[in-house]
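Q: Contents of query_7.txt (compact mmCIF, C-alpha atoms) are given next:
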# COMPACT_ATOMS: atom_id res chain seq x y z
CA MET A 1 75.69 96.13 76.24
CA ARG A 2 75.77 92.44 75.33
CA ALA A 3 79.54 92.34 75.86
CA ALA A 4 79.19 93.88 79.30
CA ALA A 5 76.42 91.46 80.17
CA GLY A 6 78.59 88.58 79.02
CA GLN A 7 81.40 89.71 81.31
CA ASP A 8 78.99 89.93 84.22
CA ALA A 9 77.69 86.47 83.44
CA GLY A 10 81.22 85.11 83.50
CA ARG A 11 81.87 86.73 86.86
CA ALA A 12 78.52 85.61 88.24
CA THR A 13 79.55 81.97 88.36
CA GLY A 14 82.71 82.40 90.37
CA GLY A 15 85.13 84.47 92.36
CA PRO A 16 84.63 86.85 95.27
CA PRO A 17 82.24 89.76 94.75
CA PRO A 18 83.39 93.36 95.21
CA GLY A 19 83.83 94.21 98.86
CA GLU A 20 86.14 93.51 101.75
CA ILE A 21 87.41 89.97 102.23
CA ARG A 22 87.67 90.18 105.99
CA ALA A 23 89.82 87.08 106.44
CA LEU A 24 92.48 88.61 104.17
CA THR A 25 92.31 91.89 106.08
CA GLY A 26 92.90 89.92 109.27
CA LEU A 27 95.77 88.11 107.57
CA ARG A 28 97.46 91.46 107.14
CA ALA A 29 97.39 91.90 110.93
CA LEU A 30 99.00 88.50 111.35
CA ALA A 31 101.74 89.29 108.82
CA ALA A 32 102.48 92.68 110.41
CA THR A 33 102.69 91.16 113.89
CA TRP A 34 105.05 88.51 112.57
CA VAL A 35 107.45 91.20 111.35
CA VAL A 36 107.12 93.24 114.56
CA VAL A 37 107.97 90.28 116.79
CA LEU A 38 110.97 89.42 114.60
CA HIS A 39 112.43 92.90 114.98
CA PHE A 40 111.72 93.03 118.68
CA SER A 41 113.57 89.75 119.13
CA ASN A 42 116.74 91.80 118.51
CA ASN A 43 116.06 93.53 121.84
CA PRO A 44 119.23 93.58 123.99
CA GLY A 45 119.08 91.39 127.04
CA SER A 46 118.18 87.81 127.76
CA THR A 47 115.47 88.04 130.43
CA TRP A 48 112.68 86.95 128.13
CA ALA A 49 114.74 84.54 126.03
CA PRO A 50 113.58 81.38 127.90
CA VAL A 51 109.94 82.38 127.39
CA LEU A 52 110.39 82.91 123.66
CA GLN A 53 112.62 79.91 123.04
CA PRO A 54 109.81 77.44 122.18
CA ILE A 55 108.63 79.68 119.32
CA ARG A 56 112.05 80.97 118.33
CA PRO A 57 111.94 79.32 114.85
CA LEU A 58 108.64 81.07 114.10
CA ILE A 59 109.97 84.40 115.32
CA GLN A 60 113.21 84.20 113.34
CA SER A 61 111.27 83.56 110.13
CA GLY A 62 109.21 86.72 110.61
CA TRP A 63 110.80 88.28 107.53
CA LEU A 64 108.39 86.06 105.57
CA GLY A 65 105.60 88.39 106.64
CA VAL A 66 106.83 90.83 103.99
CA ASP A 67 106.52 88.21 101.24
CA LEU A 68 103.02 87.39 102.47
CA PHE A 69 102.14 91.06 102.14
CA PHE A 70 103.50 91.07 98.58
CA VAL A 71 101.27 88.12 97.63
CA LEU A 72 98.28 89.85 99.21
CA SER A 73 99.02 93.00 97.20
CA GLY A 74 99.05 91.20 93.89
CA PHE A 75 95.89 89.29 94.75
CA VAL A 76 93.74 92.19 95.87
CA LEU A 77 94.92 94.69 93.26
CA THR A 78 94.04 92.15 90.57
CA HIS A 79 90.69 91.50 92.23
CA THR A 80 90.00 95.23 92.36
CA TYR A 81 91.50 96.64 89.17
CA LEU A 82 91.57 93.94 86.50
CA ASP A 83 88.20 94.90 85.03
CA LYS A 84 88.66 98.62 85.70
CA ILE A 85 91.92 98.88 83.75
CA GLY A 86 90.86 96.28 81.18
CA ARG A 87 92.57 94.97 78.10
CA ARG A 88 94.33 98.24 77.17
CA VAL A 89 96.40 100.60 79.28
CA GLY A 90 94.40 103.83 79.20
CA VAL A 91 95.87 107.11 80.36
CA ARG A 92 92.93 108.02 82.58
CA SER A 93 92.46 104.61 84.19
CA THR A 94 96.21 104.31 84.78
CA ALA A 95 96.41 107.81 86.25
CA ALA A 96 93.50 106.98 88.56
CA PHE A 97 95.23 103.79 89.70
CA TYR A 98 98.52 105.57 90.41
CA TRP A 99 96.80 108.39 92.29
CA ASN A 100 94.75 105.97 94.37
CA ARG A 101 97.82 104.01 95.38
CA LEU A 102 99.83 107.17 96.04
CA SER A 103 97.07 108.53 98.28
CA ARG A 104 97.25 105.37 100.35
CA VAL A 105 100.99 105.18 100.91
CA TRP A 106 102.69 108.51 100.42
CA PRO A 107 101.24 110.74 103.19
CA THR A 108 101.86 108.23 105.98
CA TRP A 109 105.30 107.43 104.64
CA LEU A 110 106.24 111.14 104.55
CA VAL A 111 105.12 111.65 108.14
CA VAL A 112 106.88 108.58 109.53
CA MET A 113 110.01 109.05 107.43
CA GLY A 114 110.21 112.74 108.35
CA ALA A 115 109.75 111.99 112.06
CA PHE A 116 112.33 109.21 111.96
CA THR A 117 114.83 111.43 110.13
CA GLY A 118 114.28 114.13 112.72
CA TRP A 119 114.96 111.54 115.42
CA LEU A 120 118.22 110.56 113.74
CA VAL A 121 119.37 114.18 113.64
CA LEU A 122 118.37 114.73 117.26
CA LYS A 123 120.17 111.57 118.32
CA HIS A 124 123.30 112.62 116.43
CA LEU A 125 123.32 116.02 118.13
CA THR A 126 122.62 114.75 121.64
CA VAL A 127 123.70 111.13 122.01
CA GLY A 128 126.00 110.53 119.07
CA GLY A 129 127.02 107.07 118.03
CA LEU A 130 125.44 104.98 115.33
CA HIS A 131 122.33 106.30 113.60
CA VAL A 132 120.37 103.11 114.15
CA HIS A 133 121.05 99.68 115.61
CA GLU A 134 122.07 98.16 112.29
CA PRO A 135 125.56 97.45 110.91
CA ASP A 136 124.94 99.33 107.64
CA GLN A 137 123.22 102.70 107.56
CA PRO A 138 122.45 105.29 104.87
CA HIS A 139 123.86 108.78 105.22
CA VAL A 140 121.42 111.47 106.26
CA ASP A 141 121.99 113.85 103.37
CA ALA A 142 119.94 115.63 100.69
CA ALA A 143 120.37 112.95 98.03
CA HIS A 144 119.22 110.13 100.29
CA LEU A 145 116.39 112.26 101.66
CA LEU A 146 115.10 113.00 98.14
CA ALA A 147 115.18 109.31 97.26
CA GLN A 148 113.15 108.56 100.40
CA VAL A 149 110.57 111.21 99.52
CA LEU A 150 110.17 109.77 96.00
CA MET A 151 110.09 106.19 97.40
CA VAL A 152 112.81 105.06 94.98
CA GLN A 153 115.55 104.46 97.56
CA GLN A 154 115.72 100.71 96.98
CA TRP A 155 115.66 100.63 93.18
CA THR A 156 119.41 100.96 92.66
CA GLN A 157 120.51 98.98 95.71
CA PRO A 158 121.25 95.25 95.40
CA MET A 159 120.88 94.75 99.18
CA VAL A 160 118.15 96.01 101.50
CA SER A 161 120.57 97.27 104.15
CA ALA A 162 121.77 100.88 104.07
CA SER A 163 119.03 101.91 101.65
CA THR A 164 116.44 103.62 103.83
CA PHE A 165 116.14 105.58 107.07
CA PRO A 166 113.19 103.70 108.65
CA GLY A 167 114.11 100.05 108.07
CA PRO A 168 110.77 98.95 106.54
CA GLY A 169 111.13 101.58 103.82
CA TRP A 170 112.93 99.18 101.48
CA SER A 171 109.79 97.09 100.99
CA LEU A 172 107.64 100.18 100.47
CA SER A 173 110.03 101.25 97.71
CA ALA A 174 109.89 97.75 96.19
CA GLU A 175 106.11 97.73 96.24
CA TRP A 176 105.92 101.19 94.70
CA LEU A 177 107.92 99.76 91.79
CA ALA A 178 105.37 96.94 91.52
CA TYR A 179 102.54 99.50 91.44
CA LEU A 180 104.19 101.34 88.56
CA VAL A 181 104.46 98.10 86.56
CA PHE A 182 101.00 96.80 87.45
CA PRO A 183 99.01 98.47 84.62
CA VAL A 184 101.33 96.74 82.13
CA LEU A 185 101.01 93.44 84.03
CA VAL A 186 97.24 93.73 83.68
CA LEU A 187 97.61 93.42 79.89
CA GLY A 188 98.95 89.90 80.34
CA LEU A 189 96.56 89.04 83.16
CA HIS A 190 93.57 90.09 81.09
CA ARG A 191 94.60 87.73 78.29
CA VAL A 192 94.95 84.66 80.52
CA ARG A 193 92.02 85.34 82.83
CA ARG A 194 89.83 82.66 81.22
CA LEU A 195 92.32 79.81 81.61
CA PRO A 196 91.11 76.89 83.76
CA ALA A 197 91.44 77.39 87.49
CA ALA A 198 93.86 74.47 87.78
CA VAL A 199 96.20 76.01 85.21
CA LEU A 200 96.10 79.38 86.96
CA ALA A 201 96.73 77.70 90.34
CA VAL A 202 99.86 75.99 89.04
CA GLY A 203 100.89 79.22 87.35
CA ALA A 204 100.61 81.06 90.68
CA LEU A 205 103.35 78.86 92.13
CA LEU A 206 105.79 79.18 89.26
CA PRO A 207 106.91 82.80 89.93
CA LEU A 208 107.90 81.78 93.47
CA LEU A 209 109.98 78.77 92.46
CA PRO A 210 113.29 80.66 91.88
CA PHE A 211 113.29 82.20 95.33
CA ALA A 212 112.14 78.97 97.00
CA TRP A 213 114.78 76.99 95.09
CA ILE A 214 117.60 79.27 96.25
CA ALA A 215 116.29 79.09 99.83
CA ALA A 216 116.32 75.28 99.66
CA ALA A 217 119.66 74.92 97.86
CA ASP A 218 121.72 77.74 99.37
CA ALA A 219 119.92 78.21 102.72
CA THR A 220 119.66 81.99 102.45
CA HIS A 221 117.24 84.77 101.61
CA GLU A 222 119.75 87.61 101.69
CA TYR A 223 121.78 88.07 98.51
CA ALA A 224 122.18 90.65 95.76
CA TRP A 225 118.83 91.67 94.24
CA ALA A 226 116.90 89.16 96.34
CA TRP A 227 114.41 91.93 97.11
CA LEU A 228 113.59 92.26 93.39
CA LEU A 229 113.10 88.52 93.05
CA ARG A 230 110.84 88.54 96.11
CA ILE A 231 108.58 91.39 95.03
CA ALA A 232 108.33 90.22 91.41
CA GLY A 233 107.64 86.59 92.24
CA ALA A 234 105.22 87.22 95.11
CA PHE A 235 103.30 90.01 93.35
CA VAL A 236 102.76 88.00 90.16
CA ALA A 237 101.89 84.92 92.22
CA GLY A 238 99.24 86.90 94.06
CA SER A 239 97.85 88.26 90.81
CA LEU A 240 97.52 84.80 89.28
CA THR A 241 95.91 83.59 92.51
CA GLY A 242 93.37 86.33 92.06
CA LEU A 243 92.61 85.10 88.54
CA CYS A 244 92.28 81.53 89.82
CA VAL A 245 89.79 82.58 92.49
CA ARG A 246 87.68 84.34 89.87
CA ARG A 247 87.26 81.03 88.05
CA ILE A 248 85.89 79.10 91.06
CA ARG A 249 82.24 79.11 92.00
CA PRO A 250 81.83 79.75 95.76
CA THR A 251 79.58 76.84 96.69
CA GLU A 252 79.18 75.48 100.20
CA ARG A 253 81.46 72.59 99.32
CA VAL A 254 84.14 75.01 98.10
CA ARG A 255 83.89 77.10 101.26
CA ARG A 256 84.16 74.04 103.47
CA GLY A 257 87.13 72.68 101.53
CA ALA A 258 88.81 76.09 101.49
CA SER A 259 88.52 76.32 105.27
CA VAL A 260 90.26 72.95 105.65
CA LEU A 261 92.89 73.92 103.08
CA ALA A 262 93.64 77.21 104.87
CA ALA A 263 94.18 75.40 108.16
CA GLY A 264 96.37 72.77 106.51
CA THR A 265 98.43 75.43 104.76
CA LEU A 266 99.15 77.20 108.04
CA VAL A 267 100.34 73.87 109.45
CA CYS A 268 102.59 73.35 106.42
CA ILE A 269 104.16 76.79 106.89
CA GLY A 270 104.90 75.90 110.51
CA VAL A 271 106.42 72.57 109.48
CA VAL A 272 108.76 74.28 106.99
CA VAL A 273 109.81 76.87 109.56
CA TRP A 274 110.62 74.29 112.25
CA TRP A 275 112.29 71.99 109.72
CA SER A 276 114.56 74.85 108.73
CA ALA A 277 115.37 75.58 112.37
CA ALA A 278 116.04 71.92 113.10
CA ARG A 279 118.70 71.91 110.38
CA PHE A 280 120.23 75.15 111.78
CA VAL A 281 120.03 76.75 108.33
CA ASP A 282 117.81 79.30 106.57
CA HIS A 283 115.48 77.15 104.47
CA ALA A 284 112.40 79.05 105.67
CA GLY A 285 112.04 80.77 102.29
CA VAL A 286 110.58 77.54 100.91
CA ALA A 287 107.40 78.49 102.79
CA VAL A 288 106.60 81.20 100.23
CA LEU A 289 105.15 78.46 98.02
CA ALA A 290 102.32 78.12 100.54
CA PHE A 291 101.32 81.79 100.50
CA PRO A 292 99.26 81.79 97.27
CA VAL A 293 97.45 78.68 98.51
CA LEU A 294 96.72 80.35 101.85
CA VAL A 295 95.47 83.58 100.27
CA GLY A 296 93.33 81.78 97.72
CA ALA A 297 91.82 79.50 100.36
CA LEU A 298 91.00 82.38 102.71
CA ALA A 299 89.19 84.16 99.87
CA PHE A 300 86.53 81.44 100.12
CA ALA A 301 86.86 80.05 103.66
CA ASP A 302 84.22 80.95 106.23
CA ARG A 303 85.26 78.84 109.24
CA GLY A 304 88.38 77.72 111.05
CA PRO A 305 91.27 80.20 110.58
CA ALA A 306 89.07 82.43 108.40
CA ARG A 307 86.61 82.92 111.24
CA LEU A 308 89.41 83.91 113.61
CA LEU A 309 90.96 86.27 111.08
CA SER A 310 87.56 87.86 110.44
CA THR A 311 86.99 88.92 114.04
CA PRO A 312 86.69 92.69 114.63
CA TRP A 313 90.04 92.87 116.44
CA MET A 314 91.90 91.14 113.62
CA VAL A 315 90.17 93.22 110.93
CA THR A 316 91.03 96.42 112.76
CA GLY A 317 94.61 95.20 113.05
CA GLY A 318 94.65 94.58 109.32
CA ARG A 319 93.45 98.07 108.55
CA ILE A 320 96.20 99.64 110.64
CA SER A 321 98.84 97.15 109.44
CA PHE A 322 100.58 99.66 107.17
CA ALA A 323 101.02 102.06 110.06
CA VAL A 324 102.15 99.20 112.33
CA TYR A 325 104.73 98.19 109.76
CA LEU A 326 106.12 101.72 109.47
CA VAL A 327 106.13 102.88 113.09
CA HIS A 328 107.26 99.78 114.98
CA LEU A 329 111.00 100.14 114.33
CA PHE A 330 110.77 103.83 115.20
CA VAL A 331 109.44 102.86 118.64
CA PHE A 332 112.06 100.15 119.06
CA GLU A 333 114.91 102.43 118.03
CA VAL A 334 113.92 105.02 120.64
CA TRP A 335 113.72 102.28 123.25
CA TRP A 336 117.05 100.75 122.31
CA THR A 337 118.72 104.16 122.41
CA ALA A 338 117.26 104.72 125.87
CA MET A 339 118.77 101.37 126.92
CA ASP A 340 122.13 102.64 125.65
CA VAL A 341 122.17 105.87 127.64
CA VAL A 342 119.89 105.48 130.70
CA PRO A 343 121.63 103.55 133.50
CA HIS A 344 118.41 102.08 134.94
CA LEU A 345 117.41 100.73 131.52
CA GLN A 346 120.51 98.69 130.84
CA PRO A 347 119.84 95.25 129.27
CA ASP A 348 118.54 92.70 131.81
CA SER A 349 117.90 95.38 134.42
CA ARG A 350 114.69 94.98 136.39
CA LEU A 351 113.06 98.07 134.86
CA ALA A 352 114.05 97.15 131.29
CA SER A 353 112.75 93.61 131.74
CA LEU A 354 109.40 94.83 133.09
CA ALA A 355 109.04 97.43 130.34
CA ALA A 356 109.92 95.13 127.43
CA PRO A 357 106.39 93.67 126.94
CA LEU A 358 104.94 97.18 126.97
CA VAL A 359 107.44 98.29 124.33
CA LEU A 360 106.48 95.29 122.20
CA VAL A 361 102.79 96.29 122.11
CA ALA A 362 103.39 100.07 122.01
CA PRO A 363 103.55 100.24 118.18
CA PHE A 364 99.93 99.08 117.89
CA PRO A 365 98.14 101.97 119.65
CA LEU A 366 100.58 104.39 118.00
CA ALA A 367 99.74 102.81 114.65
CA TRP A 368 96.03 103.22 115.32
CA LEU A 369 96.54 106.92 116.01
CA THR A 370 98.62 107.23 112.84
CA TRP A 371 95.94 105.45 110.81
CA ARG A 372 93.09 107.45 112.36
CA TYR A 373 94.62 110.92 112.20
CA VAL A 374 97.14 110.72 109.35
CA GLU A 375 96.56 107.84 106.94
CA GLU A 376 92.80 107.99 106.52
CA PRO A 377 92.35 111.81 106.53
CA ALA A 378 95.24 112.25 104.09
CA ARG A 379 93.89 109.52 101.79
CA LEU A 380 90.43 111.09 101.70
CA PHE A 381 91.91 114.54 101.11
CA MET A 382 94.05 113.37 98.19
CA ARG A 383 91.13 111.50 96.64
CA ARG A 384 89.41 114.87 96.21
CA PHE A 385 92.05 115.68 93.60
CA ALA A 386 91.87 112.36 91.75
CA PRO A 387 91.61 112.52 87.93
CA GLN A 388 88.02 113.62 87.39
CA ASP A 389 87.46 111.75 84.15
CA ALA A 390 88.98 108.50 85.39
CA PRO A 391 86.71 105.46 85.69
CA ARG A 392 85.17 105.14 89.11
CA ALA A 393 84.28 102.02 91.04
CA VAL A 394 80.78 100.88 90.16
CA SER A 395 78.27 99.15 92.38
CA LEU A 396 77.47 95.83 90.78
CA PRO A 397 74.10 94.18 91.43
CA PRO A 398 74.06 91.15 93.72
CA VAL A 399 75.59 87.99 92.29
CA HIS A 400 72.28 86.16 92.06
CA GLU A 401 70.70 89.04 90.08
CA ARG A 402 73.59 89.06 87.61
CA ALA A 403 73.30 85.33 87.17
CA GLY A 404 69.56 85.57 86.61
CA ALA A 405 69.96 88.36 84.08
CA ALA A 406 72.51 86.25 82.25
CA GLY A 407 69.95 83.54 81.89
CA GLY A 408 70.20 80.73 84.28
CA ARG A 409 72.14 79.57 87.26
CA THR A 410 71.79 81.23 90.61
CA PRO A 411 74.92 80.61 92.65
CA GLU A 412 74.79 80.63 96.40
CA PRO A 413 75.52 83.93 98.15
CA ALA A 414 79.28 84.31 98.51
CA PHE A 415 81.12 84.77 101.79
CA PRO A 416 78.23 85.78 104.07
CA ALA A 417 80.41 85.63 107.16
CA GLN A 418 83.28 87.72 105.79
CA ARG A 419 81.92 90.45 103.58
CA ALA A 420 81.36 94.04 104.49
CA PRO A 421 79.38 95.34 101.50
CA GLY A 422 80.11 98.87 100.54
CA GLN A 423 83.70 98.73 101.77
CA ALA A 424 85.33 98.03 98.45
CA ASP A 425 87.92 100.69 99.08
CA ALA A 426 89.06 98.86 102.18
CA ALA A 427 89.48 95.70 100.17
CA GLN A 428 92.86 96.63 98.83
CA PRO A 429 95.29 95.09 101.30
CA SER A 430 98.95 95.36 100.59
CA LEU A 431 102.22 95.67 102.35
CA VAL A 432 101.56 99.32 102.66
CA SER A 433 97.90 99.84 103.15
CA GLY A 434 94.36 98.71 102.68
Produce C-alpha cells that represent the structure in this file.
A:
Amino acid sequence: MRAAAGQDAGRATGGPPPGEIRALTGLRALAATWVVVLHFSNNPGSTWAPVLQPIRPLIQSGWLGVDLFFVLSGFVLTHTYLDKIGRRVGVRSTAAFYWNRLSRVWPTWLVVMGAFTGWLVLKHLTVGGLHVHEPDQPHVDAAHLLAQVLMVQQWTQPMVSASTFPGPGWSLSAEWLAYLVFPVLVLGLHRVRRLPAAVLAVGALLPLLPFAWIAAADATHEYAWAWLLRIAGAFVAGSLTGLCVRRIRPTERVRRGASVLAAGTLVCIGVVVWWSAARFVDHAGVAVLAFPVLVGALAFADRGPARLLSTPWMVTGGRISFAVYLVHLFVFEVWWTAMDVVPHLQPDSRLASLAAPLVLVAPFPLAWLTWRYVEEPARLFMRRFAPQDAPRAVSLPPVHERAGAAGGRTPEPAFPAQRAPGQADAAQPSLVSG
C-alpha cells in the first residue's frame, strides 16, 4: 500500500494525467493529411501544379508524417502502459497489451487489405497493366497474401517498395514489430523513469541522430533498412519523451512556455523543409529531431497550435487517422486507373481537373465510414475476448487528491482545455490507430 501511494505521489507532481491529450489527437490528423497530400501530388497532370508550387517543399516532405506517427506511438504507449506493465514482463499484462493493440489495427487492416487485393485482381482481369502506379510491386500470390494477413510483410525486406499491396502497409508492419518489442523496452524505460527531465529530454533526441545524420550527410531517406532505423529511433524517442513529460509539473508557466515552444518547433520544421528544397536535395529528414520536442510541448500546451489541434474537427480527424492512412491510396489508385482508361478523364482534361480536388478529400469521408462501421465495432468486439485475468485500466483519483493524500503539494489542474476525462482508451494515438 505504501509503495503504491509512493508511486502515486511521484506521479502527482508531474506529467499528464490519464485521459485523452486532445492536441496530440489533432496532431495525428495533421500527420495523416501530410501523407495524403504527398501521395496525391503524384497525380498525373499539371493543371493544379501552379497552385501547389508555393508549398511544394512542404508537400514533398510529407513522408515525414510517418515518422511523426512513430514518435506519437512511442510517447502515448509509454504514457498508457508503463505503469500497467511495470518492472517485469508478466505473461498476463503482456498478453493484454498485445490483444489490445491487435484489436485496434488488425480488423481494419484485413478489410482494407482484402478490398485492395480484390481490386488488384479485378484490375488485372479487366484492365491489365501494372498492378499499381509504382515501379516495384509485390506479386499477388498466397505467400505474399499470408505475410500481409500476419502483418510481417516488411520484416525481411530492406526497402519499403514491393513489400505490401496497399502502399501504407509497410509502416503498419514496422509498427507491429515495435509493438512486439515494447514490453521488453518497458523494462529499460521503467529503470530510467526517475532520471531528471533534462537528461530524458536529451536522451529522446539521441535515437534520432543516426537517421538525421544520414539525411544531412547523404541527402536521402531511402536506403536499405532505413525503415528499421526510422521505426526504432522514432519509437524510442517518443517513449523517452513520455518519460520526460512525466517528470515535469504542469504549472501555468509550463503550459505557457510549452505553447510557445510548440509554435516555435513547427516553424523550425518548416525552415528545415524549405532549406532542404532550396538546396535541391533531400535533407528534410533532419526535421525528425524536432518531433519529440513538438510532441512533448503539445502534451502541456493549452494555447496557440494546441488550441487549434484540440478543436472538434481536428480531434475527429485524429481519431479516423488510421483509416485515412489506409484507405487514401486505395481511392487514388482507383482514380488513377480511371484516368488511364476513361478518355474524358485523361490528365489535364477539363473533367479530370475539376474532379481532382474532390478526389483529394474523398478519403476522409470514406475513412470516417471505415472508422465508424469497421474499426470501432471490431475493436469493441475483440475486446470482449481479451485475457480475463489481465490487469485492467484503473480510474485514478484527481491529481490534487493524490497529492493531498501523499502529504503536501497541490499542483494546479492539468490541461483543462485539452482533456476528455474517461476517454483513456482513445488516448493511444499511433500510426495505426488511437
Q: Would you kindly return, as an NGL selection string, each protein, DNA or RNA residue with an atom no farther than 10 Å from any atom of Val202 in chain A, considering all atoms listed in the file and excluding same-chain residues fewer than 6 positions away?
A: :A and (237 or 240-241 or 244)
Q: Just checking: using all atoms listed in the file, which residue out of A:Val149, A:Pro357, A:His344, A:Gly26 ends up closest to Val111 in chain A?
A: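 For Val111 in chain A, the nearest of the given residues is A:Val149.
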Q: Under the rule that only C-alpha atoms are counted, which of A:Ala232, A:Ser161, A:Pro196, A:Val127 is the nearest residue to Leu177 in chain A?
A: A:Ala232
Q: Give me, as a PyMOL selection string, all polymer residues having an atom no more than 9 Å from Ala356 in chain A, counting all atoms listed in the file and skipping those fewer than 5 positions away in the same chain.
A: chain A and resi 43+48+351+361
Q: If we count all atoms listed in the file and set the cut-off at 9 Å, which residues sit around Ala277 in chain A, ignoring sequence neighbours fewer than 6 positions away in its own chain? Please answer as a VMD selection string.
A: chain A and resid 56 to 58 60 283 to 284
Q: Set the distance at 7 Å and use all atoms listed in the file: which residues neighbour range 189-192 of chain A once local chain neighbours fewer than 6 positions away are removed? I'd like the list as a list in words.
A: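 Listed by chain and then number, they are Leu82, Gly86 and Arg87 of chain A.
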Q: So the first atom is CA of Tyr179 in chain A and the second is CA of Thr94 in chain A; what is the distance between them in Å, to one decimal place?
A: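 According to the coordinates, CA of Tyr179 in chain A and CA of Thr94 in chain A are separated by 10.4 Å.
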Q: How many Å lie between CA of Arg303 in chain A and CA of Thr80 in chain A, rounded to one decimal?
A: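 Rounded to one decimal, the two atoms are 24.0 Å apart.
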Q: Excluding Leu229 in chain A and residues on its chain fewer than 4 positions from it, collect all residues at most 8 Å away from it, counting only C-alpha atoms, and give them as JSON, numbers by chain.
A: {"A": [210, 211, 225, 233]}
